[in-house]
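K.L.:
What follows is a structure written as structure tokens; I'll ask about it next.
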Amino acid sequence: MSNQFELRELLKSQSLDDVKPSAFASVGGVVFPDRPAAFDLADFVDVVDSYRAVHVPTYGNAIPNTVTTTSAFLATSKTSVDLLEVPTNQTYKILGISVRTGSTNYEMNQASLEVNNYDILDLSTIDTITQTFGAVLVNSESNLILTGGTTLTYACADNPNATVTFDIVYHKLQQ
């Protein structure tokens with residue numbers, strides 16, 4: 001005899017981070033379940049309700065309390081640095097990216113922001129700065145939204161002569 005709580009047993013150690021929306025279609029395909037399956041479907045309804053409670057209330061708006069800041073550093077031996085990698089099944093909105101260095105003689109050359117190695121923002125307007133600087137590359141009005149599996153990268157044509165620090169502020173739209 002099968003365990004009447006089979007689905008619940010399989011899911012008891014899972015978190016909503018592990019649940020993919022495409023899995024709902026494959027598990028919930030039965031229209032007229034037999035009696036043993038009715039218990040599993042009731043558990044399935046609990047999973048859907050839990051997922052919905054996390055994702056539906058935001059409707060593409062920021063999930064409360066998810067603003068995060070991180071930094072990345074471009075060393076003198078590199079011409080690119082990954083600023084942010086978005087995990088699978090998550091969506092981030094970039095609120096701001098700023099850059100700073102302490103060098104008194106720093107020059108950028110053909111700089112850009114890239115998503116998965118494709119240019120999305122030309123930063124040549126700050127190529128000729130040759131003094132200690134700080135600049136905002138992206139602000140909240142830019143509406144830069146990244147989905148799961150993407151990588152945001154800063155790239156330039158030549159190695160910098162000093163370390164550059166990037167500060168990234170973002171929040172989650174979906175998790």
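Starting from 1 in every chain, residues are counted up; chains themselves are A, B, ... following the order of the structure tokens, and ligands are numbered from 1 as listed.
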Can you pull out every residue within 9 Å of A:Asn143, counting only C-alpha atoms, but drop anything in the same chain fewer than 3 positions away, and send it as a count of residues only?

P.N.:
6

K.L.:
Which residues are near stretch 110-125 of chain A? Cut-off 7 Å, only C-alpha atoms, ignore same chain within fewer than 2 positions. Put them as a list in words.

P.N.:
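With the cut-off at 7 Å, the set is Met108, Asp127, Thr150, Thr151, Leu152, Thr153, Tyr154, Ala155, Cys156 and Ala157 of chain A.
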
K.L.:
Please, could you write that set of residues out with N, CA and C atoms as a CSV table (one decimal), in the first residue's frame?

P.N.:
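Dumped to selection-v7.csv:
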```
chain,number,residue,atom,x,y,z
A,108,MET,N,40.2,55.5,-18.5
A,108,MET,CA,39.5,54.3,-19.1
A,108,MET,C,39.6,54.4,-20.6
A,127,ASP,N,35.9,58.0,-20.5
A,127,ASP,CA,37.2,57.5,-20.9
A,127,ASP,C,38.4,58.4,-20.6
A,150,THR,N,21.9,35.3,-15.9
A,150,THR,CA,22.7,36.4,-16.6
A,150,THR,C,23.8,36.9,-15.7
A,151,THR,N,24.8,37.4,-16.3
A,151,THR,CA,26.0,38.0,-15.7
A,151,THR,C,26.2,39.4,-16.2
A,152,LEU,N,26.3,40.3,-15.3
A,152,LEU,CA,26.6,41.7,-15.6
A,152,LEU,C,28.1,41.9,-15.4
A,153,THR,N,28.7,42.4,-16.5
A,153,THR,CA,30.2,42.6,-16.5
A,153,THR,C,30.6,44.0,-16.9
A,154,TYR,N,31.7,44.5,-16.3
A,154,TYR,CA,32.3,45.7,-16.8
A,154,TYR,C,33.5,45.3,-17.6
A,155,ALA,N,33.7,45.9,-18.8
A,155,ALA,CA,34.8,45.6,-19.6
A,155,ALA,C,35.4,46.9,-20.2
A,156,CYS,N,36.7,46.8,-20.4
A,156,CYS,CA,37.4,48.0,-21.0
A,156,CYS,C,38.5,47.4,-21.9
A,157,ALA,N,39.0,48.2,-22.8
A,157,ALA,CA,40.0,47.8,-23.8
A,157,ALA,C,41.4,47.5,-23.3
```

K.L.:
Quick one: of A:Gly96, A:Ala42, A:Val169, A:Pro160, who's nearest to A:Thr76, counting only C-alpha atoms?

P.N.:
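Selected residue with least distance to A:Thr76: A:Pro160.
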
K.L.:
Measuring atom to atom with only C-alpha atoms, identify which of A:Ala75, A:Thr147, A:Gln90, A:Leu83 is nearest to A:Val164.

P.N.:
A:Ala75

K.L.:
A:Thr101, A:Thr79, A:Asn89, A:Asn61: which is nearest A:Phe166, counting only C-alpha atoms?

P.N.:
A:Thr101

K.L.:
Would you work out the distance separating atom CA of A:Val47 from atom CA of A:Ile63, expressed in Å to one decimal?

P.N.:
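Interatomic distance here is 19.7 Å.
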